[in-house]
Each structure stands twice: as structure tokens, then as C-alpha cells.
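**Q** Quick one, protein22.cif (mmCIF, C-alpha atoms and all ligand atoms):
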```cif
data_protein
loop_
_atom_site.label_atom_id
_atom_site.label_comp_id
_atom_site.auth_asym_id
_atom_site.auth_seq_id
_atom_site.Cartn_x
_atom_site.Cartn_y
_atom_site.Cartn_z
CA MET K 1 28.09 170.59 -66.87
CA LYS K 2 30.68 168.70 -68.92
CA THR K 3 30.04 165.14 -70.03
CA ILE K 4 33.08 162.90 -69.58
CA VAL K 5 33.55 159.37 -70.89
CA LEU K 6 35.63 157.32 -68.45
CA THR K 7 36.88 154.03 -69.92
CA GLY K 8 38.49 151.46 -67.65
CA ALA K 9 36.28 152.91 -64.91
CA ALA K 10 36.68 149.81 -62.73
CA GLY K 11 40.49 149.87 -62.84
CA ASN K 12 42.91 151.38 -60.31
CA ILE K 13 42.97 154.86 -61.73
CA GLY K 14 39.46 154.75 -63.18
CA SER K 15 37.85 153.85 -59.87
CA ALA K 16 39.86 156.50 -58.00
CA LEU K 17 38.72 159.15 -60.50
CA ARG K 18 35.13 157.98 -60.26
CA GLN K 19 35.34 158.26 -56.49
CA GLY K 20 36.98 161.70 -56.72
CA TRP K 21 34.17 162.87 -58.96
CA SER K 22 31.38 161.42 -56.82
CA ASP K 23 30.31 165.01 -56.02
CA GLY K 24 28.73 165.13 -59.49
CA ARG K 25 30.98 167.84 -60.96
CA TYR K 26 30.84 166.01 -64.31
CA GLN K 27 28.21 163.93 -66.03
CA LEU K 28 30.02 160.58 -66.32
CA ARG K 29 29.64 157.85 -68.91
CA LEU K 30 31.31 154.78 -67.43
CA ASN K 31 32.67 151.86 -69.42
CA ASP K 32 34.59 148.75 -68.40
CA ILE K 33 34.51 145.00 -69.01
CA LYS K 34 34.37 144.54 -65.21
CA PRO K 35 31.23 145.25 -63.12
CA LEU K 36 30.77 148.86 -62.09
CA GLY K 37 28.08 148.49 -59.41
CA GLU K 38 25.26 150.96 -58.80
CA MET K 39 25.14 154.14 -60.87
CA ALA K 40 24.80 157.51 -59.10
CA ALA K 41 22.51 160.22 -60.50
CA HIS K 42 25.37 161.79 -62.51
CA GLU K 43 26.59 158.42 -63.88
CA THR K 44 25.47 156.35 -66.88
CA LEU K 45 26.67 152.84 -67.56
CA TYR K 46 27.79 152.03 -71.10
CA ILE K 47 28.34 148.30 -71.57
CA GLY K 48 30.16 147.37 -74.77
CA ASP K 49 33.40 146.57 -76.53
CA LEU K 50 35.64 149.48 -77.52
CA ARG K 51 36.62 147.56 -80.67
CA ASP K 52 33.03 147.95 -81.87
CA ALA K 53 32.79 151.14 -83.96
CA ALA K 54 29.04 151.62 -83.44
CA PHE K 55 29.41 151.25 -79.68
CA CYS K 56 32.29 153.76 -79.55
CA SER K 57 30.29 156.23 -81.58
CA ALA K 58 27.32 156.00 -79.19
CA LEU K 59 29.66 156.26 -76.19
CA LEU K 60 31.31 159.48 -77.40
CA GLU K 61 28.44 161.26 -79.16
CA GLY K 62 27.81 164.59 -77.41
CA ALA K 63 30.65 164.11 -74.88
CA ASP K 64 33.22 166.81 -74.06
CA ALA K 65 36.21 164.58 -73.31
CA VAL K 66 37.29 160.97 -72.94
CA VAL K 67 39.52 159.89 -70.08
CA HIS K 68 40.80 156.68 -71.62
CA MET K 69 42.10 154.42 -68.88
CA ALA K 70 41.02 151.12 -70.48
CA GLY K 71 43.64 148.68 -71.74
CA ILE K 72 46.21 146.16 -70.63
CA GLY K 73 48.32 147.68 -67.83
CA THR K 74 51.23 145.31 -67.84
CA ASP K 75 53.55 143.40 -70.16
CA LEU K 76 51.33 140.63 -71.55
CA GLU K 77 51.28 138.81 -74.89
CA LEU K 78 51.46 140.82 -78.07
CA GLU K 79 48.02 139.58 -79.25
CA LEU K 80 46.33 140.96 -76.13
CA LEU K 81 48.18 144.26 -76.40
CA ILE K 82 47.13 144.55 -80.05
CA GLU K 83 43.48 143.89 -79.21
CA HIS K 84 43.14 146.16 -76.18
CA ASN K 85 45.90 148.77 -76.41
CA LEU K 86 45.81 149.27 -80.18
CA LYS K 87 42.52 148.20 -81.78
CA ALA K 88 40.33 149.43 -78.92
CA LEU K 89 42.24 152.72 -78.78
CA LEU K 90 41.85 153.22 -82.52
CA GLY K 91 38.12 152.62 -82.13
CA VAL K 92 37.90 155.37 -79.53
CA TYR K 93 40.00 157.79 -81.61
CA GLN K 94 37.86 157.18 -84.66
CA ALA K 95 34.75 158.10 -82.65
CA ALA K 96 36.60 161.12 -81.18
CA ARG K 97 37.24 162.25 -84.75
CA THR K 98 33.60 161.77 -85.75
CA HIS K 99 32.24 163.64 -82.74
CA SER K 100 35.12 166.15 -82.13
CA VAL K 101 35.83 164.98 -78.60
CA ARG K 102 39.04 165.73 -76.64
CA MET K 103 41.10 162.67 -75.71
CA ILE K 104 42.99 162.16 -72.45
CA TYR K 105 45.01 159.06 -73.07
CA ALA K 106 46.68 156.94 -70.38
CA SER K 107 50.15 156.41 -71.81
CA SER K 108 52.87 155.26 -69.44
CA ASN K 109 56.42 155.94 -68.27
CA HIS K 110 57.24 152.62 -69.94
CA ALA K 111 57.26 154.47 -73.28
CA ILE K 112 60.58 155.94 -72.06
CA GLY K 113 61.56 153.25 -69.54
CA MET K 114 64.98 152.38 -71.03
CA TYR K 115 66.46 155.75 -70.03
CA ALA K 116 69.09 155.36 -67.33
CA THR K 117 68.21 156.45 -63.82
CA ASP K 118 71.06 158.97 -63.62
CA ILE K 119 69.54 161.44 -66.10
CA ASP K 120 66.43 163.60 -66.25
CA ILE K 121 64.35 163.90 -69.41
CA ASP K 122 61.48 166.06 -70.57
CA GLU K 123 58.47 165.22 -72.73
CA TYR K 124 60.42 165.85 -75.95
CA ALA K 125 63.05 163.18 -75.30
CA ALA K 126 62.95 160.39 -77.91
CA VAL K 127 60.85 157.42 -76.89
CA ARG K 128 62.74 154.43 -75.46
CA PRO K 129 60.13 151.76 -74.67
CA ASP K 130 61.18 149.11 -72.18
CA SER K 131 58.79 146.27 -73.13
CA LEU K 132 56.05 145.27 -75.54
CA TYR K 133 53.71 147.07 -73.16
CA GLY K 134 55.88 150.20 -73.51
CA ILE K 135 55.73 149.80 -77.30
CA SER K 136 51.93 149.63 -77.10
CA LYS K 137 52.00 153.01 -75.33
CA VAL K 138 54.24 154.44 -78.06
CA TRP K 139 51.67 153.24 -80.60
CA GLY K 140 49.03 155.02 -78.57
CA GLU K 141 50.99 158.28 -78.53
CA GLY K 142 51.47 157.86 -82.30
CA ILE K 143 47.73 157.46 -82.81
CA ALA K 144 47.12 160.58 -80.72
CA ARG K 145 49.66 162.55 -82.77
CA LEU K 146 48.19 161.30 -86.06
CA TYR K 147 44.63 162.17 -85.10
CA PHE K 148 45.67 165.67 -84.05
CA ASP K 149 47.81 166.38 -87.12
CA LYS K 150 45.41 164.87 -89.62
CA HIS K 151 41.99 165.33 -88.04
CA GLY K 152 42.39 168.03 -85.37
CA VAL K 153 41.46 165.72 -82.46
CA GLU K 154 42.99 167.28 -79.33
CA SER K 155 44.93 164.91 -77.06
CA VAL K 156 46.82 164.92 -73.83
CA CYS K 157 48.94 161.77 -73.49
CA LEU K 158 49.66 161.11 -69.83
CA ARG K 159 52.94 159.28 -69.24
CA ILE K 160 51.79 157.97 -65.90
CA GLY K 161 54.43 157.01 -63.35
CA SER K 162 53.51 154.88 -60.32
CA PHE K 163 49.92 155.57 -59.30
CA GLU K 164 49.72 154.39 -55.68
CA ALA K 165 47.95 155.53 -52.52
CA GLU K 166 51.43 155.79 -50.95
CA PRO K 167 54.91 155.11 -52.34
CA PHE K 168 56.29 151.78 -51.10
CA GLU K 169 59.68 151.20 -52.78
CA ARG K 170 62.80 153.25 -53.62
CA ARG K 171 61.84 153.72 -57.30
CA HIS K 172 58.71 155.54 -56.19
CA LEU K 173 60.86 158.41 -54.86
CA HIS K 174 61.18 159.25 -58.57
CA THR K 175 57.97 157.89 -60.12
CA TRP K 176 55.13 158.28 -57.60
CA LEU K 177 51.84 159.85 -58.71
CA SER K 178 49.46 160.41 -55.80
CA HIS K 179 45.70 160.00 -56.09
CA ARG K 180 45.23 163.70 -55.42
CA ASP K 181 47.63 164.73 -58.19
CA MET K 182 46.11 162.25 -60.67
CA GLN K 183 42.68 163.74 -60.12
CA HIS K 184 44.03 167.28 -60.48
CA LEU K 185 45.90 166.24 -63.66
CA ALA K 186 42.76 164.75 -65.24
CA GLU K 187 40.74 167.86 -64.34
CA CYS K 188 43.42 170.14 -65.85
CA CYS K 189 43.20 168.11 -69.08
CA ILE K 190 39.40 168.32 -69.13
CA ASP K 191 39.05 171.97 -68.15
CA ALA K 192 41.90 173.63 -70.11
CA PRO K 193 40.43 175.76 -72.92
CA GLN K 194 42.85 174.27 -75.48
CA VAL K 195 45.36 171.44 -75.29
CA GLY K 196 46.35 170.74 -78.92
CA PHE K 197 48.63 167.73 -78.73
CA GLN K 198 50.58 167.46 -75.50
CA ILE K 199 52.53 164.82 -73.64
CA MET K 200 52.36 165.29 -69.86
CA TYR K 201 54.28 163.33 -67.25
CA GLY K 202 51.87 161.93 -64.72
CA VAL K 203 54.15 162.33 -61.74
CA SER K 204 53.86 164.10 -58.42
CA ALA K 205 56.15 166.93 -57.29
CA ASN K 206 58.75 164.41 -56.14
CA THR K 207 62.08 166.03 -55.26
CA GLN K 208 63.86 163.20 -57.11
CA ARG K 209 61.61 162.99 -60.16
CA TRP K 210 63.36 162.10 -63.42
CA TRP K 211 60.66 163.61 -65.61
CA GLN K 212 60.65 167.36 -66.12
CA GLN K 213 57.78 169.04 -67.91
CA SER K 214 58.97 171.70 -70.40
CA ASP K 215 55.52 172.76 -71.62
CA ASN K 216 52.50 172.77 -69.36
CA PRO K 217 49.58 174.29 -71.30
CA ILE K 218 47.03 172.72 -68.95
CA GLY K 219 48.41 174.27 -65.73
CA TYR K 220 49.17 171.01 -63.88
CA GLN K 221 50.59 171.85 -60.42
CA PRO K 222 51.25 168.65 -58.45
CA GLN K 223 51.30 168.90 -54.65
CA SER K 224 52.46 165.52 -53.34
CA ASN K 225 56.12 164.61 -52.82
CA ALA K 226 57.36 161.05 -52.29
CA GLU K 227 60.30 162.46 -50.33
CA GLU K 228 57.98 162.64 -47.30
CA PHE K 229 58.12 158.83 -47.28
CA ALA K 230 61.89 158.57 -47.93
CA ALA K 231 62.83 157.39 -44.44
CA ARG K 232 60.50 154.40 -44.82
CA ILE K 233 61.09 153.45 -48.48
CA ALA K 234 64.64 154.51 -49.43
CA ALA K 235 66.06 151.14 -48.35
CA ILE K 236 63.39 149.07 -50.11
CA SER K 237 64.91 147.98 -53.41
CA SER K 238 62.81 148.06 -56.55
CA ARG K 239 61.16 144.92 -57.90
CA GLY K 240 63.51 143.41 -60.51
CA GLY K 241 66.71 143.69 -58.47
CA PRO K 242 69.93 145.64 -59.19
CA LEU K 243 69.45 145.70 -62.97
CA ALA K 244 66.00 147.24 -62.57
CA GLU K 245 67.62 150.04 -60.52
CA GLN K 246 69.58 151.13 -63.60
CA PHE K 247 66.56 151.99 -65.74
CA GLN K 248 63.67 154.40 -65.25
CA GLY K 249 61.21 151.64 -66.20
CA GLY K 250 62.47 149.45 -63.33
CA GLY K 251 61.37 145.81 -63.56
CA PHE K 252 59.77 146.27 -67.00
CA ALA K 253 63.21 147.29 -68.31
CA SER K 254 65.19 144.53 -66.59
CA ALA K 255 62.80 141.71 -67.56
CA ASP K 256 64.26 139.56 -70.36
CA TYR K 257 67.33 141.83 -70.55
CA SER K 258 70.28 140.31 -72.44
CA ASN K 259 72.41 143.25 -73.62
CA THR K 260 76.06 142.51 -72.78
CA LYS K 261 77.51 145.45 -74.76
C1 LIG L 1 52.55 151.18 -65.45
O1 LIG L 1 52.41 151.61 -66.59
C2 LIG L 1 51.75 150.03 -64.95
O2 LIG L 1 50.45 150.00 -65.52
C3 LIG L 1 51.68 150.01 -63.44
O3 LIG L 1 51.20 148.76 -63.03
C4 LIG L 1 53.05 150.27 -62.79
O4 LIG L 1 53.94 149.25 -63.11
C5 LIG L 1 53.60 151.59 -63.30
O5 LIG L 1 53.60 151.64 -64.70
C6 LIG L 1 55.03 151.86 -62.77
O6 LIG L 1 55.93 152.06 -63.58
O7 LIG L 1 55.19 151.88 -61.55
#
```
If you took the structure in this file and wrote it as C-alpha cells, what would it be?
Ligand code: 15L

**A**
Amino acid sequence: MKTIVLTGAAGNIGSALRQGWSDGRYQLRLNDIKPLGEMAAHETLYIGDLRDAAFCSALLEGADAVVHMAGIGTDLELELLIEHNLKALLGVYQAARTHSVRMIYASSNHAIGMYATDIDIDEYAAVRPDSLYGISKVWGEGIARLYFDKHGVESVCLRIGSFEAEPFERRHLHTWLSHRDMQHLAECCIDAPQVGFQIMYGVSANTQRWWQQSDNPIGYQPQSNAEEFAARIAAISSRGGPLAEQFQGGGFASADYSNTK
């Protein structure tokens, strides 16, 4: 049985994955700064700070893969992003290098959020971050690239769209990632024989998705489609108003926008 490190295990995606894997298909090492409750037989709690090199080394030693969901998930101050989305991530990558562990890194669509909503892109489109948060995800993808090129650490960077139980606004017709597809995506990353370095869009099979996957070495086949909810959500404008509707990153892109050219 594979041993998987799940960081951010108490977060939205982390707790959904933990629940999805409650059948014990993986041996799980769970880490978060928030409480994680009772451990099941296949779970082990690892309490510690990902910026601590010795802790990261103990967390990853002997593991097969890390599903790294820890970090700041929104556009907060630079100092916090540096601590949690850069320093902590570097700590995990350094341990992944030491122990030859595959990384599955939660990047975000906000790494490319300044693309206009009238075009489709694939994973090779140049990054266009929409916020400091988006920049922190570009750093993360850069770390993943560096550690593959220089140290052979395999990585899948997941540019996650909108992970929600159900889509609830117009933007989600393009960006929704269902719980079922997220779990399948993580399992594809874990179970693929080889992944090298790969960016994958974490998006369901939405008819109106903006993000097209050119290379899919892990065999991700999403099943959900936000279009099933179109009648209910098509009239619900995205948070951030009309400007947010112009950019794939929505409200992250329209916040603090001042370009008049
Ligand atoms: C993200 O990266 C955020 O963590 C999440 O809260 C949502 O805003 C999501 O992107 C999205 O774009 O819907």
C-alpha cells in the first residue's frame, strides 16, 4: 500500500480527499495547523511546521507521494504568502529531494488569471498571475520545475479551478472542479508510473471550460460538467462585478485593478 503525505489535511480540499480515502486505500500521514480529530487505522497525525527542515524530513521519509494542499488560499499580505506559500513549500521540496518523493502541488488558476474570458489556453500558455496570491503559485510552479530539472523530483502542479460541492455562480460554468474529479485527479497523480514535470488543470469536464489540457500523462478523465447546473447559475454574476467577468481569475483579477490603457 502506498504511503501518502497529505498537507493542509483540514482544509477544503484536504478534508474532502481524506474523506474520499477513508476506505484505507492509502496509508495517510496527515498534517495541518488546524485540529484533525481522531485518526483512523490507516492515518497517522504529524504535528509540526513545514518551515522546519527536520520536521519535513521526518514527514516525508519513506513516503511515496506528497499531496501538498497546505498554504494560504487567498490574496493576503505578502509576508504571509512568503511564509506559507514559499518557505513552507521549499521546506517540503527539500525533503522530497532528500527522500525521492513525488510531489503533487496545489497551484491555482490564479497563476493564469489575467487571461481574458473569451479565449481558451492550455498548460503551456505563459503565466499571467492575477494577484500576489497568483504570484505565489507561480513561485511554487517555479520551485517544482527547478527541483525536477536540477534534482529529478517529479511534480504534478495542479492549477485548481473552483473546488466546490456544486457550482453556484456563472464563472463556475468555466472553472468548476467537482469533489469526485478532484479525488480522481489526485489518484491519477499518485498512481501514474511516471509524471516527470507536468502542469494539469484541475477542472471538471465543463462544456465551457477555458483550460484545455494538451498533455495528460496521468490519464485524468473528469466526469462532472457544470453545464448541468447552467439553468440555475447562468444568471448569477461572478463576485467582483462586470470587470471580474472579463478575466479568467474573476474577482482576484478585478481587485485593485487600475489599468486604463
Ligand atoms: C483559488 O485558488 C482559491 O483558493 C479558492 O478560494 C477560489 O477562489 C478558487 O481559486 C477560484 O478561482 O474559484

**Q** Would you list the residues that come within 7 Å of ligand LIG 1 (chain L)? Count all atoms listed in the file and give the answer as a short mmCIF file (atom, residue, chain, number, x, y, z; two decimals) with C-alpha atoms, keeping the file's coordinate frame.

**A**
```cif
data_model
loop_
_atom_site.label_atom_id
_atom_site.label_comp_id
_atom_site.auth_asym_id
_atom_site.auth_seq_id
_atom_site.Cartn_x
_atom_site.Cartn_y
_atom_site.Cartn_z
CA GLY K 73 48.32 147.68 -67.83
CA THR K 74 51.23 145.31 -67.84
CA SER K 108 52.87 155.26 -69.44
CA ASN K 109 56.42 155.94 -68.27
CA HIS K 110 57.24 152.62 -69.94
CA ILE K 160 51.79 157.97 -65.90
CA GLY K 161 54.43 157.01 -63.35
CA SER K 162 53.51 154.88 -60.32
CA PHE K 163 49.92 155.57 -59.30
CA THR K 175 57.97 157.89 -60.12
CA GLY K 249 61.21 151.64 -66.20
#
```

**Q** Using all atoms listed in the file, find the one residue out of K:Ala244, K:Ala125, K:Leu36, K:Ile143 that sits nearest to Trp211 (chain K).

**A**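 Nearest to Trp211 (chain K): K:Ala125.
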
**Q** Using all atoms listed in the file, find the one residue out of K:Val67, K:Ala111, K:Ala165, K:Ile135 that sits nearest to Leu185 (chain K).

**A**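 Of all the options, K:Val67 lies closest to Leu185 (chain K).
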
**Q** Have a look at K:Val156, K:Leu243, K:Ala54, K:Ala255 and name the one nearest to Thr117 (chain K); count all atoms listed in the file.

**A**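 Among the listed residues, the smallest separation from Thr117 (chain K) belongs to K:Leu243.
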
**Q** To one decimal place, how far is CA of Glu83 (chain K) from CA of Ala16 (chain K) in Å?

**A**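 If I compute the distance from CA of Glu83 (chain K) to CA of Ala16 (chain K), I get 24.9 Å.
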
**Q** So which residues touch Phe168 (chain K) within 12 Å, counting only C-alpha atoms, skipping near sequence neighbours fewer than 3 positions away, as JSON, numbers by chain?

**A** {"K": [162, 163, 164, 165, 171, 172, 173, 174, 175, 176, 177, 178, 226, 227, 228, 229, 230, 231, 232, 233, 234, 235, 236, 237, 238, 239]}

**Q** Is it possible to add N, CA and C atoms to region 144-164 of chain K and hand it back as an mmCIF file, in the coordinates of the input?

**A**
```
data_model
loop_
_atom_site.group_PDB
_atom_site.id
_atom_site.type_symbol
_atom_site.label_atom_id
_atom_site.label_comp_id
_atom_site.auth_asym_id
_atom_site.auth_seq_id
_atom_site.Cartn_x
_atom_site.Cartn_y
_atom_site.Cartn_z
ATOM 1 N N ALA K 144 47.548 159.259 -81.195
ATOM 2 C CA ALA K 144 47.120 160.580 -80.720
ATOM 3 C C ALA K 144 47.708 161.688 -81.595
ATOM 4 N N ARG K 145 48.983 161.551 -81.920
ATOM 5 C CA ARG K 145 49.660 162.550 -82.770
ATOM 6 C C ARG K 145 49.011 162.593 -84.154
ATOM 7 N N LEU K 146 48.794 161.404 -84.728
ATOM 8 C CA LEU K 146 48.190 161.300 -86.060
ATOM 9 C C LEU K 146 46.812 161.954 -86.091
ATOM 10 N N TYR K 147 46.005 161.652 -85.089
ATOM 11 C CA TYR K 147 44.630 162.170 -85.100
ATOM 12 C C TYR K 147 44.587 163.670 -84.835
ATOM 13 N N PHE K 148 45.622 164.214 -84.185
ATOM 14 C CA PHE K 148 45.670 165.670 -84.050
ATOM 15 C C PHE K 148 46.136 166.303 -85.361
ATOM 16 N N ASP K 149 47.249 165.777 -85.903
ATOM 17 C CA ASP K 149 47.810 166.380 -87.120
ATOM 18 C C ASP K 149 46.851 166.270 -88.297
ATOM 19 N N LYS K 150 46.199 165.133 -88.410
ATOM 20 C CA LYS K 150 45.410 164.870 -89.620
ATOM 21 C C LYS K 150 43.934 165.225 -89.463
ATOM 22 N N HIS K 151 43.435 165.137 -88.217
ATOM 23 C CA HIS K 151 41.990 165.330 -88.040
ATOM 24 C C HIS K 151 41.639 166.378 -86.989
ATOM 25 N N GLY K 152 42.655 166.968 -86.344
ATOM 26 C CA GLY K 152 42.390 168.030 -85.370
ATOM 27 C C GLY K 152 41.826 167.551 -84.040
ATOM 28 N N VAL K 153 41.943 166.236 -83.759
ATOM 29 C CA VAL K 153 41.460 165.720 -82.460
ATOM 30 C C VAL K 153 42.489 166.104 -81.390
ATOM 31 N N GLU K 154 42.065 166.885 -80.392
ATOM 32 C CA GLU K 154 42.990 167.280 -79.330
ATOM 33 C C GLU K 154 43.290 166.096 -78.405
ATOM 34 N N SER K 155 44.539 166.003 -77.969
ATOM 35 C CA SER K 155 44.930 164.910 -77.060
ATOM 36 C C SER K 155 45.920 165.373 -76.029
ATOM 37 N N VAL K 156 45.736 164.880 -74.809
ATOM 38 C CA VAL K 156 46.820 164.920 -73.830
ATOM 39 C C VAL K 156 47.184 163.465 -73.541
ATOM 40 N N CYS K 157 48.447 163.124 -73.793
ATOM 41 C CA CYS K 157 48.940 161.770 -73.490
ATOM 42 C C CYS K 157 49.624 161.837 -72.132
ATOM 43 N N LEU K 158 49.112 161.080 -71.188
ATOM 44 C CA LEU K 158 49.660 161.110 -69.830
ATOM 45 C C LEU K 158 50.649 159.962 -69.657
ATOM 46 N N ARG K 159 51.928 160.304 -69.531
ATOM 47 C CA ARG K 159 52.940 159.280 -69.240
ATOM 48 C C ARG K 159 52.931 159.054 -67.719
ATOM 49 N N ILE K 160 52.031 158.169 -67.322
ATOM 50 C CA ILE K 160 51.790 157.970 -65.900
ATOM 51 C C ILE K 160 52.950 157.208 -65.261
ATOM 52 N N GLY K 161 53.366 157.689 -64.094
ATOM 53 C CA GLY K 161 54.430 157.010 -63.350
ATOM 54 C C GLY K 161 53.844 155.881 -62.525
ATOM 55 N N SER K 162 54.010 155.942 -61.209
ATOM 56 C CA SER K 162 53.510 154.880 -60.320
ATOM 57 C C SER K 162 52.338 155.441 -59.521
ATOM 58 N N PHE K 163 51.141 155.081 -59.958
ATOM 59 C CA PHE K 163 49.920 155.570 -59.300
ATOM 60 C C PHE K 163 49.641 154.668 -58.103
ATOM 61 N N GLU K 164 49.885 155.174 -56.917
ATOM 62 C CA GLU K 164 49.720 154.390 -55.680
ATOM 63 C C GLU K 164 49.177 155.316 -54.597
#
```
